[in-house]
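Student: Structure file run04.cif, mmCIF, C-alpha atoms and all ligand atoms, is pasted below:
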```
data_input
loop_
_atom_site.group_PDB
_atom_site.id
_atom_site.type_symbol
_atom_site.label_atom_id
_atom_site.label_comp_id
_atom_site.auth_asym_id
_atom_site.auth_seq_id
_atom_site.Cartn_x
_atom_site.Cartn_y
_atom_site.Cartn_z
ATOM 1 C CA MET A 22 38.572 16.430 86.681
ATOM 2 C CA LYS A 23 36.824 14.993 83.661
ATOM 3 C CA LEU A 24 33.495 15.926 82.139
ATOM 4 C CA HIS A 25 31.702 12.831 80.962
ATOM 5 C CA SER A 26 31.293 13.852 77.378
ATOM 6 C CA ASN A 27 31.192 12.640 73.877
ATOM 7 C CA GLY A 28 31.100 14.346 70.502
ATOM 8 C CA ILE A 29 27.301 14.227 70.240
ATOM 9 C CA PHE A 30 26.811 15.765 73.684
ATOM 10 C CA PHE A 31 28.860 18.827 72.759
ATOM 11 C CA ALA A 32 27.416 19.129 69.268
ATOM 12 C CA PHE A 33 24.079 20.237 70.784
ATOM 13 C CA PHE A 34 25.546 23.128 72.707
ATOM 14 C CA ASP A 35 26.227 26.506 71.231
ATOM 15 C CA LYS A 36 29.004 28.787 72.411
ATOM 16 C CA THR A 37 26.949 30.263 75.269
ATOM 17 C CA MET A 38 26.360 26.840 76.758
ATOM 18 C CA SER A 39 30.053 26.034 76.460
ATOM 19 C CA VAL A 40 30.830 29.164 78.435
ATOM 20 C CA ILE A 41 28.339 28.088 81.121
ATOM 21 C CA ILE A 42 29.908 24.622 81.309
ATOM 22 C CA VAL A 43 33.374 26.150 81.682
ATOM 23 C CA LYS A 44 32.023 28.356 84.489
ATOM 24 C CA ILE A 45 30.466 25.387 86.288
ATOM 25 C CA VAL A 46 33.732 23.449 86.044
ATOM 26 C CA THR A 47 35.706 26.470 87.281
ATOM 27 C CA LEU A 48 33.308 26.975 90.190
ATOM 28 C CA SER A 49 33.460 23.352 91.237
ATOM 29 C CA MET A 50 37.241 23.495 91.049
ATOM 30 C CA SER A 51 37.359 26.611 93.237
ATOM 31 C CA GLY A 52 35.036 24.734 95.577
ATOM 32 C CA LEU A 53 37.623 21.963 95.760
ATOM 33 C CA LYS A 54 40.291 24.541 96.514
ATOM 34 C CA LYS A 55 38.276 25.795 99.490
ATOM 35 C CA GLU A 56 38.103 22.274 100.891
ATOM 36 C CA LYS A 57 41.872 22.447 101.322
ATOM 37 C CA VAL A 58 41.524 25.058 104.080
ATOM 38 C CA SER A 59 42.713 23.907 107.527
ATOM 39 C CA ARG A 60 41.385 25.104 110.850
ATOM 40 C CA PHE A 61 43.640 25.406 113.872
ATOM 41 C CA GLY A 62 43.469 26.890 117.351
ATOM 42 C CA VAL A 63 45.765 29.676 118.458
ATOM 43 C CA SER A 64 46.397 30.907 122.007
ATOM 44 C CA ILE A 65 47.105 34.610 122.100
ATOM 45 C CA GLU A 66 47.116 37.313 124.774
ATOM 46 C CA LYS A 67 43.750 39.093 125.018
ATOM 47 C CA GLU A 68 45.332 42.522 124.821
ATOM 48 C CA LEU A 69 47.320 41.647 121.725
ATOM 49 C CA LEU A 70 44.270 40.145 120.054
ATOM 50 C CA GLY A 71 42.286 43.282 120.897
ATOM 51 C CA LYS A 72 44.931 45.423 119.196
ATOM 52 C CA PHE A 73 44.925 43.084 116.215
ATOM 53 C CA ASP A 74 41.129 43.337 115.858
ATOM 54 C CA LYS A 75 41.279 47.137 116.029
ATOM 55 C CA TYR A 76 43.962 47.097 113.362
ATOM 56 C CA LEU A 77 41.811 44.887 111.116
ATOM 57 C CA GLU A 78 38.817 47.133 111.655
ATOM 58 C CA ALA A 79 40.820 50.228 110.747
ATOM 59 C CA LEU A 80 42.017 48.584 107.537
ATOM 60 C CA GLY A 81 38.597 47.190 106.709
ATOM 61 C CA ILE A 82 39.851 43.601 106.650
ATOM 62 C CA PRO A 83 36.733 41.440 107.108
ATOM 63 C CA ASN A 84 38.094 38.561 109.169
ATOM 64 C CA ARG A 85 41.042 37.287 111.160
ATOM 65 C CA SER A 86 41.552 34.260 108.908
ATOM 66 C CA GLU A 87 42.202 36.448 105.902
ATOM 67 C CA ALA A 88 44.518 38.744 107.864
ATOM 68 C CA ILE A 89 46.510 35.875 109.364
ATOM 69 C CA SER A 90 46.848 34.241 105.932
ATOM 70 C CA ASP A 91 48.216 37.551 104.600
ATOM 71 C CA ILE A 92 50.689 37.846 107.468
ATOM 72 C CA ILE A 93 51.926 34.283 106.947
ATOM 73 C CA ARG A 94 52.228 34.856 103.216
ATOM 74 C CA ASP A 95 54.175 38.101 103.820
ATOM 75 C CA LYS A 96 56.472 36.355 106.257
ATOM 76 C CA LEU A 97 57.170 33.516 103.849
ATOM 77 C CA THR A 98 57.755 35.979 101.020
ATOM 78 C CA GLY A 99 60.170 37.869 103.272
ATOM 79 C CA GLU A 100 61.997 34.643 103.985
ATOM 80 C CA LYS A 101 62.228 33.939 100.309
ATOM 81 C CA ILE A 102 64.935 36.532 99.793
ATOM 82 C CA ASN A 103 67.050 34.256 101.948
ATOM 83 C CA ASP A 104 66.589 31.726 99.209
ATOM 84 C CA GLN A 105 69.428 33.309 97.312
ATOM 85 C CA ASN A 106 68.833 31.481 94.059
ATOM 86 C CA SER A 107 65.149 32.149 93.493
ATOM 87 C CA LEU A 108 63.953 34.871 91.159
ATOM 88 C CA CYS A 109 62.505 37.765 93.130
ATOM 89 C CA PHE A 110 60.717 40.964 92.300
ATOM 90 C CA GLY A 111 60.737 43.918 94.641
ATOM 91 C CA ILE A 112 60.810 47.629 95.216
ATOM 92 C CA ILE A 113 63.562 49.576 96.940
ATOM 93 C CA THR A 114 62.300 52.904 98.199
ATOM 94 C CA TYR A 115 64.124 55.665 100.071
ATOM 95 C CA VAL A 116 64.341 59.376 100.696
ATOM 96 C CA TYR A 117 67.504 61.471 100.699
ATOM 97 C CA ASP A 118 68.566 65.059 100.992
ATOM 98 C CA HIS A 119 70.123 65.873 97.650
ATOM 99 C CA HIS A 120 72.303 68.575 99.266
ATOM 100 C CA LYS A 121 74.242 65.872 101.111
ATOM 101 C CA ARG A 122 77.682 65.741 99.699
ATOM 102 C CA GLU A 123 78.027 63.501 96.661
ATOM 103 C CA ILE A 124 74.982 61.402 97.566
ATOM 104 C CA GLU A 125 73.478 61.569 94.082
ATOM 105 C CA LYS A 126 76.784 60.610 92.521
ATOM 106 C CA LYS A 127 77.125 57.643 94.888
ATOM 107 C CA LEU A 128 73.554 56.455 94.333
ATOM 108 C CA ASN A 129 74.000 56.733 90.603
ATOM 109 C CA SER A 130 77.216 54.784 90.751
ATOM 110 C CA ILE A 131 75.657 51.979 92.850
ATOM 111 C CA GLN A 132 72.718 51.760 90.455
ATOM 112 C CA HIS A 133 75.077 51.410 87.520
ATOM 113 C CA ASP A 134 76.925 48.620 89.345
ATOM 114 C CA HIS A 135 73.613 46.766 89.637
ATOM 115 C CA PHE A 136 72.001 47.743 86.332
ATOM 116 C CA ARG A 137 71.155 44.116 85.564
ATOM 117 C CA SER A 138 68.815 43.967 88.578
ATOM 118 C CA ILE A 139 66.915 47.153 87.714
ATOM 119 C CA ILE A 140 63.670 47.222 85.771
ATOM 120 C CA PHE A 141 63.114 50.916 86.258
ATOM 121 C CA THR A 142 63.780 53.798 88.627
ATOM 122 C CA SER A 143 61.724 56.847 89.408
ATOM 123 C CA HIS A 144 62.589 60.081 91.134
ATOM 124 C CA VAL A 145 60.230 62.514 92.873
ATOM 125 C CA HIS A 146 61.314 65.925 94.220
ATOM 126 C CA ILE A 147 59.377 65.935 97.515
ATOM 127 C CA ASP A 148 60.366 69.452 98.572
ATOM 128 C CA HIS A 149 63.283 71.853 98.384
ATOM 129 C CA ASP A 150 65.667 69.389 100.059
ATOM 130 C CA ASN A 151 64.288 65.888 99.815
ATOM 131 C CA CYS A 152 64.047 63.442 96.986
ATOM 132 C CA LEU A 153 62.134 60.177 96.917
ATOM 133 C CA GLU A 154 63.342 57.383 94.704
ATOM 134 C CA ILE A 155 61.876 54.013 93.915
ATOM 135 C CA ILE A 156 63.724 51.244 92.137
ATOM 136 C CA VAL A 157 61.825 48.250 90.830
ATOM 137 C CA VAL A 158 64.099 45.241 90.801
ATOM 138 C CA LYS A 159 64.045 41.747 89.391
ATOM 139 C CA ASP A 160 66.859 39.309 90.007
ATOM 140 C CA LYS A 161 68.057 36.419 92.117
ATOM 141 C CA GLY A 162 67.590 36.941 95.866
ATOM 142 C CA SER A 163 71.347 37.188 96.393
ATOM 143 C CA ALA A 164 71.771 39.979 93.832
ATOM 144 C CA ILE A 165 68.811 41.952 95.174
ATOM 145 C CA SER A 166 70.087 41.582 98.757
ATOM 146 C CA ARG A 167 73.501 42.981 97.835
ATOM 147 C CA PHE A 168 72.024 45.865 95.885
ATOM 148 C CA THR A 169 69.509 46.752 98.624
ATOM 149 C CA GLU A 170 72.130 46.632 101.361
ATOM 150 C CA ARG A 171 74.420 48.983 99.450
ATOM 151 C CA VAL A 172 71.688 51.538 98.747
ATOM 152 C CA LEU A 173 70.130 51.520 102.218
ATOM 153 C CA ALA A 174 73.481 51.596 104.003
ATOM 154 C CA LEU A 175 74.558 54.741 102.189
ATOM 155 C CA LYS A 176 74.971 57.702 104.534
ATOM 156 C CA GLY A 177 72.210 60.237 103.919
ATOM 157 C CA VAL A 178 69.659 57.661 102.719
ATOM 158 C CA LYS A 179 66.590 57.968 104.977
ATOM 159 C CA HIS A 180 63.441 55.895 105.416
ATOM 160 C CA GLY A 181 64.933 53.168 103.288
ATOM 161 C CA LYS A 182 62.727 50.176 102.778
ATOM 162 C CA PHE A 183 62.699 47.106 100.641
ATOM 163 C CA VAL A 184 59.445 45.476 99.672
ATOM 164 C CA LEU A 185 59.817 42.007 98.294
ATOM 165 C CA THR A 186 57.137 40.410 96.258
ATOM 166 C CA SER A 187 57.022 36.979 94.729
ATOM 167 C CA LEU A 188 54.788 34.828 92.629
ATOM 168 C CA MET A 189 53.682 32.854 95.679
ATOM 169 C CA GLU A 190 49.939 32.151 95.832
HETATM 170 NI NI NI B 201 65.004 65.400 93.563
#
```
Turn this file's structure into structure tokens for me.
Ligand code: NI
Tutor:
Amino acid sequence: MKLHSNGIFFAFFDKTMSVIIVKIVTLSMSGLKKEKVSRFGVSIEKELLGKFDKYLEALGIPNRSEAISDIIRDKLTGEKINDQNSLCFGIITYVYDHHKREIEKKLNSIQHDHFRSIIFTSHVHIDHDNCLEIIVVKDKGSAISRFTERVLALKGVKHGKFVLTSLME
């Protein structure tokens, strides 16, 4: 995109006007972005669609298009960990009973094996028995997969979950 401009044209505008011009250009560019939206028809069971709409209502998501875009994006992000060479960011989260024999020692040892993947870890004492830990990771998909599998497969680790995020738009 090119503004038809010359030196004289801009010389007459103060900073405020420049800001307005930038805003107009940005708006027209976001307008262009919207033109890239595609419409398509989907056949889906009525009952399933009803459940989906209730779910959207409960979450306050304004429309199906937005929700479906999110689901597709999530799915593609999830697939991305299969792309073993791409840089991924994610969170490993789990709960464990710290009385379980040697579990803290084992978790600590696994984390040290994978220290290069870890940005930070945090520990919360949920109650007398249970601990919640989160580990924020950044590494290649392959390294994160190995690390996650080892942590979540450990006996005594409950409610283990891995949330992958990426820089995908
Ligand atoms: Ni604890």
Student: Which residues come within 12 Å of Arg167 in chain A, counting all atoms listed in the file, excluding same-chain residues fewer than 2 positions away, as a list in words?
Tutor: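 What passes the distance filter is Ile102, Asn103, Gln105, Ile113, Ile131, Gln132, Asp134, His135, Ser138, Val158, Asp160, Lys161, Gly162, Ser163, Ala164, Ile165, Thr169, Glu170, Arg171, Val172, Leu173, Ala174 and Phe183 of chain A.
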Student: To test your reading of the syntax: which residues would the PyMOL selection byres (((not hetatm)) within 10 of (chain B and resi 201)) return for the file shown? Reply as a ChimeraX atom specification.
Tutor: /A:116-120,125,144-154
Student: Can those selected residues be exported to a file as a compact mmCIF listing (two decimals), keeping the file's coordinate frame so that it contains C-alpha atoms?
Tutor:
```txt
# COMPACT_ATOMS: atom_id res chain seq x y z
CA VAL A 116 64.34 59.38 100.70
CA TYR A 117 67.50 61.47 100.70
CA ASP A 118 68.57 65.06 100.99
CA HIS A 119 70.12 65.87 97.65
CA HIS A 120 72.30 68.58 99.27
CA GLU A 125 73.48 61.57 94.08
CA HIS A 144 62.59 60.08 91.13
CA VAL A 145 60.23 62.51 92.87
CA HIS A 146 61.31 65.92 94.22
CA ILE A 147 59.38 65.94 97.52
CA ASP A 148 60.37 69.45 98.57
CA HIS A 149 63.28 71.85 98.38
CA ASP A 150 65.67 69.39 100.06
CA ASN A 151 64.29 65.89 99.82
CA CYS A 152 64.05 63.44 96.99
CA LEU A 153 62.13 60.18 96.92
CA GLU A 154 63.34 57.38 94.70
```
Student: With distances taken over all atoms listed in the file, which of A:Val178, A:Ala79, A:Ile65, A:Leu70 is nearest to Lys121 in chain A?
Tutor: A:Val178
Student: Would you mind reading off the distance between CA of Ile93 in chain A and CA of Lys67 in chain A, one decimal, in Å?
Tutor: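 Taking CA of Ile93 in chain A as the start and CA of Lys67 in chain A as the end point, the length is 20.4 Å.
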Student: Determine the nearest neighbour of Gly62 in chain A from the options A:Ile139, A:Ser86, A:Ile156, A:Asn129, counting only C-alpha atoms.
Tutor: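 The answer is A:Ser86, which sits nearest to Gly62 in chain A.
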Student: Could you state the separation of CA of Ile89 in chain A and CA of Asp74 in chain A in Å, given to one decimal place?
Tutor: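 Interatomic distance here is 11.3 Å.
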Student: What's the separation between CA of Val63 in chain A and CA of Leu77 in chain A, in Å to one decimal place?
Tutor: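 Going from CA of Val63 in chain A over to CA of Leu77 in chain A covers 17.3 Å.
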Student: List the residues selected by the PyMOL selection byres (((chain A and resi 85) around 12) and not hetatm) in the file shown, writing them as number ranges by chain.
Tutor: A: 63, 70-71, 73-78, 80-84, 86-92
Student: Would you mind exporting the chosen residues as a PDB file, keeping the file's coordinate frame, restricted to C-alpha atoms?
Tutor:
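Saved as result31.pdb:
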```pdb
ATOM      1  CA  VAL A  63      45.765  29.676 118.458  1.00  0.00           C
ATOM      2  CA  LEU A  70      44.270  40.145 120.054  1.00  0.00           C
ATOM      3  CA  GLY A  71      42.286  43.282 120.897  1.00  0.00           C
ATOM      4  CA  PHE A  73      44.925  43.084 116.215  1.00  0.00           C
ATOM      5  CA  ASP A  74      41.129  43.337 115.858  1.00  0.00           C
ATOM      6  CA  LYS A  75      41.279  47.137 116.029  1.00  0.00           C
ATOM      7  CA  TYR A  76      43.962  47.097 113.362  1.00  0.00           C
ATOM      8  CA  LEU A  77      41.811  44.887 111.116  1.00  0.00           C
ATOM      9  CA  GLU A  78      38.817  47.133 111.655  1.00  0.00           C
ATOM     10  CA  LEU A  80      42.017  48.584 107.537  1.00  0.00           C
ATOM     11  CA  GLY A  81      38.597  47.190 106.709  1.00  0.00           C
ATOM     12  CA  ILE A  82      39.851  43.601 106.650  1.00  0.00           C
ATOM     13  CA  PRO A  83      36.733  41.440 107.108  1.00  0.00           C
ATOM     14  CA  ASN A  84      38.094  38.561 109.169  1.00  0.00           C
ATOM     15  CA  SER A  86      41.552  34.260 108.908  1.00  0.00           C
ATOM     16  CA  GLU A  87      42.202  36.448 105.902  1.00  0.00           C
ATOM     17  CA  ALA A  88      44.518  38.744 107.864  1.00  0.00           C
ATOM     18  CA  ILE A  89      46.510  35.875 109.364  1.00  0.00           C
ATOM     19  CA  SER A  90      46.848  34.241 105.932  1.00  0.00           C
ATOM     20  CA  ASP A  91      48.216  37.551 104.600  1.00  0.00           C
ATOM     21  CA  ILE A  92      50.689  37.846 107.468  1.00  0.00           C
TER      22      ILE A  92
END
```
Student: Nearest residue to Arg122 in chain A out of A:Lys182, A:Lys176, A:Lys57, A:Arg137, using all atoms listed in the file?
Tutor: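 Checking each of A:Lys182, A:Lys176, A:Lys57, A:Arg137 against Arg122 in chain A, counting all atoms listed in the file, the winner is A:Lys176.
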